Amino acid sequence: MFALVDCNNFYVSCERVFNPHLEGKPVVVLSNNDGCIISRSDEAKRLGLKMAEPAFLKTRFLKENHVYVFSSNYTLYGDMSARVTETLTQFVPEIEIYSIDEAFLNLSGFSGDLNTLANNIKNTVRRNTGIPISVGIGPTKTLAKIANKAAKLSGGIFIIRNDQHRDSVIRNTPVNKIWGIGGQYFKLLERNKISTAYDFTLLDDNWLRAKMKVMGMRIKRELLGESCILLELTVPSKKAIATTRAFGKKTSKIELLEEAVSTYAVRCAEKLRMQHSVANLLTVFIHTDPFNQNEVQINKSKTISLPVASNENIELVKHALYCLNQIYSSSYNYKKAGVIVDGLQSEKQVQANLFDKSNREKFRNLRNAVDKLNYEFGRDKIKLAVQGDGKKWKLRQEKLSQRYTTNWNEIIEVRI
Ligand SMILES: [Mg+2]
């Protein structure tokens, strides 16, 4: 059996842990730059607020209905997610982190009562982290996903067993709610009058193979209770790493673009070091606001291959700034920039370059010292001067909560 653990309204729940007075009240969290609604409390859902709805269209509605609005605080959510995962690993030896708020648990070998186990997991996560979760259990990952949806409506726990019960559940599952059935396939199935997961299991194997390839067959077998999608236990190293963001305010100034691009390059270097890889290629792109038809549009990028594969801040910033200067022109209003590193390999197998004059060991020692300080005192406390303070281009985050769990200065205060 597999369990799918999903944190309920995750971002909103994270905010509530540190603001308990928000319990029972409508709360929403906005996407980057305070753009769209990306997490809603049940109360906010009941008010009719939709996922991905632009917040600026709803300003009055939000105010009139006393909805609490937060900017997204990914530092907090990332840390809370790690805490939930840590609690889950106490229960099972195998766990797959599926997204920031979802994880699959392998329950094979567990012989006790599943209901008791699910309750135990739910209560322990709540006690350790303050986050409410739903637990769906089924004989396959696909069925565990379906069980999780049902759990949301039935007190947080739902178990699908491999018997007639499974049959009745899939008869009541619309085909577009099956894991892995997205837009195109949904249209295809709709055209063929397949409306429930049960209908899907009646599809002819040859037809499935022709129309939906191996995936279609896998979904069918999984729905019938035969497990064929296993847990992905090791997170494969990413093939390319990108840090791209829209600016809070458009700009045509080179100094601000330099601040942004060098900061993104440092973020890429950090991500590379975290997975112990180095990059051979580096791309910088900048573009104007494609939604503003009144402005002259431009979209430029430049890719270079690095003389020696690297994950060092100073080097990546130097190359990123070179690229930026190749594509920059002062006559446009830029809305977004990004740095992408590609051609990744393990940092243990770096090919040296005969003409390389930089003292790599010195770089590494300096950067290790800087990393240590930043780990202790907060991100970017020590940084390259060119990164600036970000005040003129950073995202709008007007309703940001504190980083309660990762920064001593922002820790929650209790008054007695
Ligand atoms: Mg969730």
# chains A, B, ... in the order shown; residues from 1 in each chain; ligands from 1

call {"tool": "select_by_dssp", "arguments": {"residues": "segment 28-230 of chain A", "states": "strand (DSSP E or B)", "output": "PyMOL selection string"}}
result
chain A and resi 28-30+36-40+54+68-71+95-99+102-106+133-138+157-159+174+196

call {"tool": "residues_near_ligand", "arguments": {"ligand": "ligand 1", "cutoff": "10 Å", "atoms": "only C-alpha atoms and all ligand atoms", "output": "PyMOL selection string"}}
result
chain A and resi 5-11+13+39+99-102+132-134+148+152

call {"tool": "closest_residue", "arguments": {"among": "A:Ser331, A:Gln293, A:Ser401, A:Ser310", "to": "Ser72 of chain A", "atoms": "only C-alpha atoms"}}
result
A:Ser401

call {"tool": "closest_atom_pairs", "arguments": {"of": "segment 80-161 of chain A", "to": "segment 166-177 of chain A", "cutoff": "9 Å", "atoms": "only C-alpha atoms", "output": "tab-separated table"}}
result
residue	atom	partner	partner_atom	distance
A:Gly138	CA	A:Arg166	CA	8.8
A:Leu143	CA	A:Arg166	CA	8.5
A:Ile146	CA	A:Lys177	CA	7.6
A:Ala147	CA	A:Val169	CA	8.5
A:Lys149	CA	A:Lys177	CA	8.9
A:Ile160	CA	A:Arg166	CA	5.7
A:Arg161	CA	A:Arg166	CA	5.9

call {"tool": "residues_around", "arguments": {"residues": "segment 223-232 of chain A", "least_positions_apart": "5", "cutoff": "12 Å", "atoms": "only C-alpha atoms", "output": "PyMOL selection string"}}
result
chain A and resi 1-4+93-98+103-108+137-147+160-171+173+175+178-180+196-203+214-218
